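Engineer: Take a look at the following structure, please.
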Amino acid sequence: MSAEYSTVGKGDYREHALEAVMPDGSYTADFIYKDHLIYEGKNKLENMPSARGEKEACETLEIQLYDQVCDVTLTLYYTGFYKSNVITRSSKITNHHENSMAIRKIMSMQLDLPQSDYDLVTFDGLWGRERHKHIKPLSQGRFVVDSKTGVSSNRHNPFIMLKKRDATEHYGDCYASNLIYAGNHYEVAEVSPFGKTRILSGINPHCFDWKLGTNETFQTPEAVLTFSDQGLNGISQNMHHFVSNHIVRGSWAKKERPVLLNNWEATYFDFNEEKLEALIQEAAHAGIELFVLDDGWFGERNGDNSSLGDWFVNTKKLPGGLGGLAKTVNDQGMMFGIWVEPEMINHNSRLYEKHPEWAVQIPNRRPSQGRNQMVLDFTRQDVRDYIVESLVKVFSSANIEYVKWDMNRNFSDMFSLELPRDRQGEFFHRYVLGVYEVLDQITKVFPNILFESCSAGGNRFDLSLLCYMPQTWTSDNTDALQRLYIQSGTSYGYPLSAMGAHVSAVPNHQTLRSTPIETRFNVAMFGVLGYELDLSKLSKGEKQIIKEQIAFYKKHRALLQFGQFYRLDDIFDNNIASWMVVSEDRKKGILGLFQKLTNSSPAIDIIKTVELREDAIYTISNRKQFILADEKQDLIKEGMKPVETECYEAYGDLLNRAGIKLSQQFCASGYNEKIRVMNDFGSRAYIFEQKD
Ligand code: GLA
């Protein structure tokens with residue numbers, strides 16, 4: 001038996017989509033078809049973000065089901081998006097009975113497939129190790145990925161894929177699902193004894209218990225489903241198209257994003273106007289377009305143990321205020337942006353002195369702290385009003401054109417003083433709805449600010465926040481090698497324009513690894529490029545290299561941010577990985593080639609493309625890169641040296657089908673200008689341009 005939306009008590013013993021104590025006190029629900037509606041376009045969900053769907057872009061089917069005994073209606077929504085190959089789904093339950101009911105679990109979607117020879121692909125990790133790809137063959141029983149941290153989490157992303165065992169990056173049947181939700185999520189893949197597969201996705205039932213009174217309605221978040229017979233890259237193409245066209249919105253949605261310098265890893269909390277001005281000048285010389293002042297500009301915040309909640313400028317550090325600094329930045333021709341962490345409160349803050357009851361904690365129990373901070377109770381209207389008012393004041397106090405919205409701890413001691421004792425099971429979801437309400441208001445007041453969401457790096461990289469903030473800080477880990485895994489993993493479900501990616505100093509602050517400056521760039525350019533290091537500490541050569549990197553990025557960023565992205569040889573399976581972006585008209589492409597470790601007597605490297613026009617001739621050239629003396633002391637005595645020049649011409653069909661051989665990698669002896677010196681963590685970028 002296959003079901004659209006399985007309930008308890010009527011003979012389906014697999015995992016259910018709905019579990020509720022119904023108005024008659026039983027767990028049994030039996031929903032029968034009552035009515036349906038089909039219409040062009042789609043409606044917004046009321047109190048949460050959902051996919052945008054204009055009339056021409058999609059069509060919606062609403063199926064109304066009814067449980068006559070309990071007088072409860074269940075509506076299932078399906079919207080098909082023609083161009084993205086995506087179906088969004090959600091469900092809504094309304095209790096018409098005079099008794100209340102309690103929802104213990106309500107999924108956004110259920111998908112029953114008739115077979116089970118699938119691999120489940122999930123994206124898991126921790127801080128600094130977000131969204132690493134893991135593949136497991138499904139077999140009888142259940143496999144669950146979820147989040148219980150209160151946010152969509154770095155532990156398991158809500159994006160999952162199911163691929164036929166023989167499917168690859170480029171070939172085969174694959175399914176995928178994501179959830180437009182910032183809170184605890186839950187995804188299940190279950191193979192039944194009959195060899196069928198069930199997939200579920202929705203709000204995590206963990207600590208969830210929602211009371212539904214007479215005539216009350218509960219709406220689930222939206223799930224996003226897609227299918228491709230073109231392998232995992234096909235899934236990514238669908239998801240990227242969908243996110244770019246139906247999730248990200250507002251004035252920055254399709255606009256090229258500025259190259260930024262963030263002062264966090266350059267100064268941490270230790271800055272003053274003079275230090276910042278020096279950085280600002282260096283940034284302007286390098287061609288940076290946006291200067292971002294990170295944590296530490298407000299209250300008495302000189303470390304991570306105070307002042308969250310006190311959203312007013314620290315004039316000891318910044319006597320000229322945010323306005324003065326914004327002017328300095330603007331005078332250098334750059335935009336100015338700041339960091340905030342609005343959902344948090346420090347014990348050591350004026351706000352806590354005034355409103356201890358606003359911090360999430362349980363009466364008579366000492367609250368656990370995370371990074372010395374507590375979560376603000378966003379289920380409360382007074383808290384949300386205070387935050388909106390404070391942020392409106394700050395964002396209007398200077399010419400602020402960019403905001404990094406951070407959220408740096410997971411939940412503990414979940415409790416709201418405003419909720420009755422028997423409704424604490426609503427806390428997690430009400431918190432998420434509170435965050436949405438605040439974001440909705442703020443982004444409406446400041447429609448032109450570019451928002452980037454962040455949560456200790458990528459702890460809340462999900463579709464719901466992308467509805468408000470067009471880009472997300474992918475990870476605090478900026479080590480180029482680790483970023484290959486993190487960005488590759490992220491790319492399965494999210495487009496490059498959603499991923500913040502920075503070049504930082506070496507040895508890297510998270511891993512202590514040193515990677516070449518050109519590799520740090522070659523990785524970061526497959527995303528929204530930024531720099532996060534003390535530019536004044538760089539050598540003349542490094543400054544020159546950065547200037548050229550930024551010029552290259554600006555020239556090609558429309559393609560790098562919004563082009564069609566393909567994983568050619570995936571980093572998870574290969575020592576040499578490659579990524580490629582191709583323009584919509586197929587006339588241009590950029591390929592990044594990345595090596596983990598050098599091998600002695602390395603094989604010939606071949607780059608094989610996808611999607612170039614078969615009958616067109618392309619020129620292929622490598623980006624002008626440099627090797628610094630301290631990266632390769634035995635070959636270069638001092639200063640820097642350009643790498644080999646490679647230049648080819650070939651038909652698209654040759655490039656797509658056979659590929660071209662690159663020049664020989666360095667191999668013990670016989671170094672000359674044509675030899676490709678890659679080293680450990682070496683990389684190159686190749687530009688493909690169609691000849692007229
Ligand atoms: C988090 C972010 C960092 C930085 C710090 C500031 O860890 O991910 O990028 O903003 O907070 O405290």
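In the structure tokens, chains take letters A, B, ... by order of appearance, with residues numbered from 1 within each chain and ligands from 1 in the order shown.
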Just the residues within 8 Å of Thr619 (chain A), please, counting only C-alpha atoms, with nothing from its chain fewer than 5 positions along; format it as a list of chain:residue names.
Structural biologist: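 So, after excluding close chain neighbours, the residues are A:Cys647, A:Tyr648, A:Glu649, A:Ala650, A:Ile687, A:Phe688, A:Glu689, A:Gln690, A:Lys691.
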Engineer: Limited to C-alpha atoms, could you put the picked residues into a file as a compact mmCIF listing (two decimals), in the first residue's frame?
Structural biologist:
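See selection-v9.txt below for the written result:
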# COMPACT_ATOMS: atom_id res chain seq x y z
CA CYS A 647 46.14 28.18 -23.91
CA TYR A 648 44.08 25.86 -26.11
CA GLU A 649 41.38 25.90 -28.71
CA ALA A 650 38.90 23.06 -29.10
CA ILE A 687 38.35 30.13 -18.52
CA PHE A 688 36.36 28.81 -21.49
CA GLU A 689 35.14 31.32 -24.04
CA GLN A 690 33.28 30.62 -27.24
CA LYS A 691 34.91 32.06 -30.35
Engineer: Select from region 203-447 of chain A everything DSSP, run on the backbone, classes as strand (DSSP E or B), then give the selection as an NGL selection string.
Structural biologist: :A and (203 or 210-212 or 216-219 or 223-228 or 230 or 260-262 or 290-293 or 298 or 313 or 335-340 or 344-346 or 359 or 370 or 373-376 or 402-405)
Engineer: Any chance you can output those residues with C-alpha atoms as a PDB file, in the first residue's frame?
Structural biologist:
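Ended up saving to out_20.pdb:
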ATOM      1  CA  ILE A 203       9.045  19.759  12.114  1.00  0.00           C
ATOM      2  CA  TRP A 210       0.781  21.559  20.044  1.00  0.00           C
ATOM      3  CA  LYS A 211      -2.656  22.144  21.508  1.00  0.00           C
ATOM      4  CA  LEU A 212      -5.304  22.871  18.905  1.00  0.00           C
ATOM      5  CA  GLU A 216      -7.899  26.542  15.417  1.00  0.00           C
ATOM      6  CA  THR A 217      -5.562  25.679  12.576  1.00  0.00           C
ATOM      7  CA  PHE A 218      -1.981  24.473  12.414  1.00  0.00           C
ATOM      8  CA  GLN A 219       0.006  25.040   9.242  1.00  0.00           C
ATOM      9  CA  ALA A 223       8.773  21.019   1.969  1.00  0.00           C
ATOM     10  CA  VAL A 224      10.515  21.205  -1.405  1.00  0.00           C
ATOM     11  CA  LEU A 225      10.724  18.082  -3.567  1.00  0.00           C
ATOM     12  CA  THR A 226      12.515  17.484  -6.803  1.00  0.00           C
ATOM     13  CA  PHE A 227      13.454  14.649  -9.152  1.00  0.00           C
ATOM     14  CA  SER A 228      16.107  14.324 -11.828  1.00  0.00           C
ATOM     15  CA  GLN A 230      20.455  13.462 -14.734  1.00  0.00           C
ATOM     16  CA  LEU A 260      33.614  42.492   1.158  1.00  0.00           C
ATOM     17  CA  LEU A 261      36.307  42.821   3.791  1.00  0.00           C
ATOM     18  CA  ASN A 262      35.251  41.635   7.251  1.00  0.00           C
ATOM     19  CA  LEU A 290      32.003  46.657   1.167  1.00  0.00           C
ATOM     20  CA  PHE A 291      33.591  47.008   4.588  1.00  0.00           C
ATOM     21  CA  VAL A 292      31.938  44.953   7.353  1.00  0.00           C
ATOM     22  CA  LEU A 293      32.408  45.761  11.025  1.00  0.00           C
ATOM     23  CA  PHE A 298      28.237  47.906  20.820  1.00  0.00           C
ATOM     24  CA  VAL A 313      27.393  51.964  19.837  1.00  0.00           C
ATOM     25  CA  MET A 335      29.605  50.402   1.267  1.00  0.00           C
ATOM     26  CA  PHE A 336      29.442  49.964   5.024  1.00  0.00           C
ATOM     27  CA  GLY A 337      27.932  47.045   6.928  1.00  0.00           C
ATOM     28  CA  ILE A 338      27.678  45.729  10.493  1.00  0.00           C
ATOM     29  CA  TRP A 339      27.239  42.545  12.503  1.00  0.00           C
ATOM     30  CA  VAL A 340      24.363  41.949  14.931  1.00  0.00           C
ATOM     31  CA  MET A 344      20.765  36.687  22.179  1.00  0.00           C
ATOM     32  CA  ILE A 345      21.345  38.193  25.602  1.00  0.00           C
ATOM     33  CA  ASN A 346      24.368  38.144  27.910  1.00  0.00           C
ATOM     34  CA  ALA A 359      16.149  35.209  28.700  1.00  0.00           C
ATOM     35  CA  GLY A 370      26.609  28.685  25.359  1.00  0.00           C
ATOM     36  CA  GLN A 373      25.147  33.798  26.404  1.00  0.00           C
ATOM     37  CA  MET A 374      21.481  32.929  26.610  1.00  0.00           C
ATOM     38  CA  VAL A 375      18.762  32.955  24.006  1.00  0.00           C
ATOM     39  CA  LEU A 376      16.198  35.754  24.070  1.00  0.00           C
ATOM     40  CA  TYR A 402      24.755  45.380   4.685  1.00  0.00           C
ATOM     41  CA  VAL A 403      23.933  43.437   7.858  1.00  0.00           C
ATOM     42  CA  LYS A 404      25.364  40.122   9.054  1.00  0.00           C
ATOM     43  CA  TRP A 405      22.674  38.549  11.277  1.00  0.00           C
TER      44      TRP A 405
END
Engineer: So that each row is one residue of chain A with an atom at most 10 Å from ligand 1, can you give its shortest atom pair and the distance in Å to one decimal, using only C-alpha atoms and all ligand atoms, rows by chain and rising number, as a Markdown table?
Structural biologist:
| residue | atom | partner | partner_atom_place_in_ligand_line | distance |
| --- | --- | --- | --- | --- |
| A:Trp127 | CA | ligand 1 | 7 (O) | 9.3 |
| A:Gly128 | CA | ligand 1 | 8 (O) | 9.4 |
| A:Asn262 | CA | ligand 1 | 9 (O) | 8.7 |
| A:Asn263 | CA | ligand 1 | 10 (O) | 9.2 |
| A:Trp264 | CA | ligand 1 | 4 (C) | 6.1 |
| A:Glu265 | CA | ligand 1 | 4 (C) | 8.2 |
| A:Tyr268 | CA | ligand 1 | 6 (C) | 7.5 |
| A:Phe269 | CA | ligand 1 | 12 (O) | 8.2 |
| A:Leu293 | CA | ligand 1 | 10 (O) | 9.2 |
| A:Asp294 | CA | ligand 1 | 10 (O) | 5.7 |
| A:Asp295 | CA | ligand 1 | 6 (C) | 4.7 |
| A:Gly296 | CA | ligand 1 | 12 (O) | 7.6 |
| A:Gly303 | CA | ligand 1 | 12 (O) | 8.5 |
| A:Asp304 | CA | ligand 1 | 12 (O) | 6.8 |
| A:Ile338 | CA | ligand 1 | 10 (O) | 9.8 |
| A:Trp339 | CA | ligand 1 | 10 (O) | 6.8 |
| A:Val340 | CA | ligand 1 | 10 (O) | 8.4 |
| A:Glu341 | CA | ligand 1 | 11 (O) | 8.5 |
| A:Arg371 | CA | ligand 1 | 12 (O) | 9.4 |
| A:Lys404 | CA | ligand 1 | 10 (O) | 7.8 |
| A:Trp405 | CA | ligand 1 | 10 (O) | 8.7 |
| A:Asp406 | CA | ligand 1 | 2 (C) | 6.4 |
| A:Met407 | CA | ligand 1 | 1 (C) | 7.5 |
| A:Asn408 | CA | ligand 1 | 1 (C) | 6.0 |
| A:Arg409 | CA | ligand 1 | 7 (O) | 9.3 |
| A:Ser453 | CA | ligand 1 | 8 (O) | 9.4 |
| A:Cys454 | CA | ligand 1 | 8 (O) | 5.8 |
| A:Ser455 | CA | ligand 1 | 8 (O) | 5.6 |
| A:Ala456 | CA | ligand 1 | 8 (O) | 3.6 |
| A:Gly457 | CA | ligand 1 | 8 (O) | 3.8 |
| A:Gly458 | CA | ligand 1 | 8 (O) | 7.4 |
| A:Asn459 | CA | ligand 1 | 8 (O) | 8.7 |
| A:Trp473 | CA | ligand 1 | 8 (O) | 7.2 |
| A:Thr474 | CA | ligand 1 | 8 (O) | 8.8 |
| A:Ser475 | CA | ligand 1 | 8 (O) | 6.9 |
| A:Asp476 | CA | ligand 1 | 8 (O) | 5.2 |
| A:Asn477 | CA | ligand 1 | 8 (O) | 8.9 |
| A:Glu532 | CA | ligand 1 | 9 (O) | 9.4 |
Engineer: For region 13-25 of chain A, list every protein, DNA or RNA residue within 6 Å, evaluated using only C-alpha atoms, and leave out those in the same chain fewer than 6 positions away; present the list as a VMD selection string.
Structural biologist: chain A and resid 5 to 7 70 99 to 107
Engineer: Write a file of the selected residues as a PDB file, in the first residue's frame, keeping N, CA, C and O atoms.
Structural biologist:
ATOM      1  N   TYR A   5      -0.506  10.467   2.927  1.00  0.00           N
ATOM      2  CA  TYR A   5      -0.300  11.105   4.222  1.00  0.00           C
ATOM      3  C   TYR A   5      -0.834  10.150   5.280  1.00  0.00           C
ATOM      4  O   TYR A   5      -2.038  10.074   5.531  1.00  0.00           O
ATOM      5  N   SER A   6       0.073   9.397   5.860  1.00  0.00           N
ATOM      6  CA  SER A   6      -0.331   8.273   6.679  1.00  0.00           C
ATOM      7  C   SER A   6      -0.650   8.694   8.121  1.00  0.00           C
ATOM      8  O   SER A   6       0.055   9.519   8.705  1.00  0.00           O
ATOM      9  N   THR A   7      -1.718   8.110   8.672  1.00  0.00           N
ATOM     10  CA  THR A   7      -2.111   8.427  10.050  1.00  0.00           C
ATOM     11  C   THR A   7      -2.161   7.149  10.886  1.00  0.00           C
ATOM     12  O   THR A   7      -2.117   6.039  10.350  1.00  0.00           O
ATOM     13  N   CYS A  70     -14.197  12.832  14.168  1.00  0.00           N
ATOM     14  CA  CYS A  70     -13.557  13.842  15.030  1.00  0.00           C
ATOM     15  C   CYS A  70     -13.803  15.278  14.571  1.00  0.00           C
ATOM     16  O   CYS A  70     -13.387  16.224  15.236  1.00  0.00           O
ATOM     17  N   ASN A  99     -14.082  19.765  21.418  1.00  0.00           N
ATOM     18  CA  ASN A  99     -12.932  19.387  22.253  1.00  0.00           C
ATOM     19  C   ASN A  99     -11.648  19.821  21.573  1.00  0.00           C
ATOM     20  O   ASN A  99     -11.572  19.845  20.340  1.00  0.00           O
ATOM     21  N   SER A 100     -10.626  20.094  22.374  1.00  0.00           N
ATOM     22  CA  SER A 100      -9.342  20.405  21.742  1.00  0.00           C
ATOM     23  C   SER A 100      -8.623  19.097  21.382  1.00  0.00           C
ATOM     24  O   SER A 100      -9.024  18.013  21.823  1.00  0.00           O
ATOM     25  N   MET A 101      -7.585  19.202  20.577  1.00  0.00           N
ATOM     26  CA  MET A 101      -6.759  18.044  20.232  1.00  0.00           C
ATOM     27  C   MET A 101      -5.292  18.416  20.458  1.00  0.00           C
ATOM     28  O   MET A 101      -4.979  19.600  20.644  1.00  0.00           O
ATOM     29  N   ALA A 102      -4.419  17.422  20.468  1.00  0.00           N
ATOM     30  CA  ALA A 102      -2.986  17.701  20.688  1.00  0.00           C
ATOM     31  C   ALA A 102      -2.182  17.078  19.559  1.00  0.00           C
ATOM     32  O   ALA A 102      -2.229  15.864  19.357  1.00  0.00           O
ATOM     33  N   ILE A 103      -1.465  17.918  18.835  1.00  0.00           N
ATOM     34  CA  ILE A 103      -0.644  17.394  17.731  1.00  0.00           C
ATOM     35  C   ILE A 103       0.726  17.037  18.287  1.00  0.00           C
ATOM     36  O   ILE A 103       1.415  17.880  18.864  1.00  0.00           O
ATOM     37  N   ARG A 104       1.108  15.781  18.088  1.00  0.00           N
ATOM     38  CA  ARG A 104       2.425  15.331  18.563  1.00  0.00           C
ATOM     39  C   ARG A 104       3.426  15.326  17.415  1.00  0.00           C
ATOM     40  O   ARG A 104       4.620  15.403  17.631  1.00  0.00           O
ATOM     41  N   LYS A 105       2.891  15.200  16.233  1.00  0.00           N
ATOM     42  CA  LYS A 105       3.787  15.130  15.073  1.00  0.00           C
ATOM     43  C   LYS A 105       2.968  15.460  13.836  1.00  0.00           C
ATOM     44  O   LYS A 105       1.881  14.895  13.649  1.00  0.00           O
ATOM     45  N   ILE A 106       3.448  16.381  13.027  1.00  0.00           N
ATOM     46  CA  ILE A 106       2.747  16.709  11.779  1.00  0.00           C
ATOM     47  C   ILE A 106       3.788  17.033  10.720  1.00  0.00           C
ATOM     48  O   ILE A 106       4.516  18.014  10.820  1.00  0.00           O
ATOM     49  N   MET A 107       3.889  16.154   9.744  1.00  0.00           N
ATOM     50  CA  MET A 107       4.917  16.297   8.720  1.00  0.00           C
ATOM     51  C   MET A 107       4.442  17.219   7.598  1.00  0.00           C
ATOM     52  O   MET A 107       3.254  17.360   7.341  1.00  0.00           O
TER      53      MET A 107
END
Engineer: Could you pull out all residues of region 269-466 of chain A with a DSSP call of helix (DSSP H, G or I) and give them as number ranges by chain?
Structural biologist: A: 273-286, 321-331, 350-354, 356-358, 381-396, 421-445, 463-466
Engineer: What is the distance between CA of Tyr386 (chain A) and CA of Ser464 (chain A), in Å to one decimal?
Structural biologist: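 Value for the CA of Tyr386 (chain A)-CA of Ser464 (chain A) distance: 22.8 Å.
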Engineer: Write out as a ChimeraX atom specification each polymer residue whose atoms come within 7 Å of Val503 (chain A), counting only C-alpha atoms; drop sequence neighbours fewer than 3 positions from it.
Structural biologist: /A:478,520-521,524,530-532
Engineer: Would you please work out which residue, of A:Pro205, A:Gly333, A:Gly299, A:Pro221, is nearest to Ala51 (chain A) when using only C-alpha atoms?
Structural biologist: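 Going through A:Pro205, A:Gly333, A:Gly299, A:Pro221 one by one, the smallest distance to Ala51 (chain A) is for A:Pro221.
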Engineer: Extract, using only C-alpha atoms, all DNA, RNA and protein residues at most 9 Å from Val72 (chain A), discarding same-chain residues fewer than 4 positions from it, and format them as a PDB file with N, CA and C atoms, in the first residue's frame.
Structural biologist:
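Saved to result.pdb:
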ATOM      1  N   MET A  22      -6.598  12.900  19.177  1.00  0.00           N
ATOM      2  CA  MET A  22      -7.713  13.509  18.462  1.00  0.00           C
ATOM      3  C   MET A  22      -8.775  14.016  19.458  1.00  0.00           C
ATOM      4  N   PRO A  23      -9.716  14.819  19.018  1.00  0.00           N
ATOM      5  CA  PRO A  23     -10.718  15.368  19.942  1.00  0.00           C
ATOM      6  C   PRO A  23     -11.499  14.289  20.703  1.00  0.00           C
ATOM      7  N   PHE A  31      -8.696  10.102   7.548  1.00  0.00           N
ATOM      8  CA  PHE A  31      -9.098  11.218   6.691  1.00  0.00           C
ATOM      9  C   PHE A  31      -9.538  10.713   5.316  1.00  0.00           C
ATOM     10  N   LEU A  65      -9.237  16.807   3.045  1.00  0.00           N
ATOM     11  CA  LEU A  65      -9.619  15.512   3.605  1.00  0.00           C
ATOM     12  C   LEU A  65     -10.359  15.773   4.917  1.00  0.00           C
ATOM     13  N   TYR A  66     -11.228  14.837   5.283  1.00  0.00           N
ATOM     14  CA  TYR A  66     -12.058  15.104   6.456  1.00  0.00           C
ATOM     15  C   TYR A  66     -12.192  13.854   7.308  1.00  0.00           C
ATOM     16  N   ASP A  67     -12.026  14.011   8.614  1.00  0.00           N
ATOM     17  CA  ASP A  67     -12.298  12.931   9.557  1.00  0.00           C
ATOM     18  C   ASP A  67     -13.637  13.245  10.209  1.00  0.00           C
ATOM     19  N   GLN A  68     -14.634  12.496   9.806  1.00  0.00           N
ATOM     20  CA  GLN A  68     -16.005  12.815  10.199  1.00  0.00           C
ATOM     21  C   GLN A  68     -16.247  12.583  11.694  1.00  0.00           C
ATOM     22  N   ILE A  93      -3.981  21.539   9.330  1.00  0.00           N
ATOM     23  CA  ILE A  93      -5.028  20.794  10.025  1.00  0.00           C
ATOM     24  C   ILE A  93      -5.912  21.775  10.781  1.00  0.00           C
ATOM     25  N   THR A  94      -7.225  21.574  10.722  1.00  0.00           N
ATOM     26  CA  THR A  94      -8.157  22.458  11.437  1.00  0.00           C
ATOM     27  C   THR A  94      -9.090  21.606  12.286  1.00  0.00           C
ATOM     28  N   ASN A  95      -9.190  21.992  13.525  1.00  0.00           N
ATOM     29  CA  ASN A  95     -10.048  21.272  14.471  1.00  0.00           C
ATOM     30  C   ASN A  95     -11.391  21.995  14.600  1.00  0.00           C
ATOM     31  N   HIS A  96     -12.451  21.362  14.115  1.00  0.00           N
ATOM     32  CA  HIS A  96     -13.778  21.994  14.224  1.00  0.00           C
ATOM     33  C   HIS A  96     -14.533  21.490  15.455  1.00  0.00           C
ATOM     34  N   HIS A  97     -13.975  20.526  16.122  1.00  0.00           N
ATOM     35  CA  HIS A  97     -14.667  19.856  17.233  1.00  0.00           C
ATOM     36  C   HIS A  97     -14.702  20.758  18.464  1.00  0.00           C
TER      37      HIS A  97
END
Engineer: If you count only C-alpha atoms, which residues fall within 6 Å of Gln561 (chain A), apart from same-chain ones fewer than 2 positions away, as a ChimeraX atom specification?
Structural biologist: /A:496-497,557-559
Engineer: Got time to write the residues from that selection, all heavy atoms, as a PDB file, in the first residue's frame?
Structural biologist:
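In the end it all went to result.pdb:
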ATOM      1  N   LEU A 496      25.483  29.016  -5.618  1.00  0.00           N
ATOM      2  CA  LEU A 496      26.701  29.717  -5.188  1.00  0.00           C
ATOM      3  C   LEU A 496      26.386  31.116  -4.655  1.00  0.00           C
ATOM      4  O   LEU A 496      27.071  31.606  -3.762  1.00  0.00           O
ATOM      5  CB  LEU A 496      27.689  29.828  -6.355  1.00  0.00           C
ATOM      6  CG  LEU A 496      28.132  28.523  -7.025  1.00  0.00           C
ATOM      7  CD1 LEU A 496      29.322  28.777  -7.950  1.00  0.00           C
ATOM      8  CD2 LEU A 496      28.487  27.446  -6.015  1.00  0.00           C
ATOM      9  N   SER A 497      25.345  31.755  -5.201  1.00  0.00           N
ATOM     10  CA  SER A 497      25.017  33.115  -4.750  1.00  0.00           C
ATOM     11  C   SER A 497      24.520  33.129  -3.306  1.00  0.00           C
ATOM     12  O   SER A 497      24.364  34.185  -2.714  1.00  0.00           O
ATOM     13  CB  SER A 497      23.943  33.720  -5.661  1.00  0.00           C
ATOM     14  OG  SER A 497      22.813  32.880  -5.660  1.00  0.00           O
ATOM     15  N   ARG A 557      31.995  37.825 -12.065  1.00  0.00           N
ATOM     16  CA  ARG A 557      31.160  37.398 -10.936  1.00  0.00           C
ATOM     17  C   ARG A 557      29.720  37.078 -11.310  1.00  0.00           C
ATOM     18  O   ARG A 557      29.073  36.291 -10.622  1.00  0.00           O
ATOM     19  CB  ARG A 557      31.222  38.405  -9.798  1.00  0.00           C
ATOM     20  CG  ARG A 557      30.299  39.567  -9.895  1.00  0.00           C
ATOM     21  CD  ARG A 557      30.371  40.408  -8.665  1.00  0.00           C
ATOM     22  NE  ARG A 557      30.641  41.777  -9.040  1.00  0.00           N
ATOM     23  CZ  ARG A 557      30.995  42.716  -8.195  1.00  0.00           C
ATOM     24  NH1 ARG A 557      31.151  42.449  -6.927  1.00  0.00           N
ATOM     25  NH2 ARG A 557      31.189  43.945  -8.612  1.00  0.00           N
ATOM     26  N   ALA A 558      29.223  37.682 -12.406  1.00  0.00           N
ATOM     27  CA  ALA A 558      27.853  37.334 -12.797  1.00  0.00           C
ATOM     28  C   ALA A 558      27.792  35.825 -13.030  1.00  0.00           C
ATOM     29  O   ALA A 558      26.861  35.136 -12.612  1.00  0.00           O
ATOM     30  CB  ALA A 558      27.457  38.092 -14.049  1.00  0.00           C
ATOM     31  N   LEU A 559      28.835  35.313 -13.684  1.00  0.00           N
ATOM     32  CA  LEU A 559      28.913  33.879 -13.964  1.00  0.00           C
ATOM     33  C   LEU A 559      29.185  33.085 -12.683  1.00  0.00           C
ATOM     34  O   LEU A 559      28.555  32.056 -12.419  1.00  0.00           O
ATOM     35  CB  LEU A 559      30.040  33.660 -14.985  1.00  0.00           C
ATOM     36  CG  LEU A 559      30.387  32.238 -15.374  1.00  0.00           C
ATOM     37  CD1 LEU A 559      29.192  31.556 -16.026  1.00  0.00           C
ATOM     38  CD2 LEU A 559      31.578  32.236 -16.352  1.00  0.00           C
TER      39      LEU A 559
END
Engineer: Restricting the calculation to only C-alpha atoms, which member of A:Gly563, A:Gly500, A:Gly324, A:Gly231 is positioned closest to Lys587 (chain A)?
Structural biologist: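 Among A:Gly563, A:Gly500, A:Gly324, A:Gly231, it is A:Gly563 that comes nearest to Lys587 (chain A).
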Engineer: Please determine, counting only C-alpha atoms, which residue among A:Leu612, A:Val8, A:Ile199, A:Leu74 has the shortest atom-to-atom distance to Ile32 (chain A).
Structural biologist: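 Between A:Leu612, A:Val8, A:Ile199, A:Leu74, the residue approaching Ile32 (chain A) most closely is A:Leu74.
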Engineer: Could you list, as an MDAnalysis selection string, every residue within 8 Å of Phe427 (chain A), counting only C-alpha atoms and ignoring same-chain residues fewer than 6 positions away?
Structural biologist: chainID A and resid 379 414:416 419
Engineer: State, in Å with one decimal place, the distance from CA of Asn448 (chain A) to CA of Tyr492 (chain A).
Structural biologist: 28.7 Å
Engineer: Calculated over only C-alpha atoms, which of the candidates A:Asn679, A:Thr645, A:Gln237, A:Gln140 has the smallest distance to Ser663 (chain A)?
Structural biologist: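 So, comparing all the options, the nearest one is A:Thr645.
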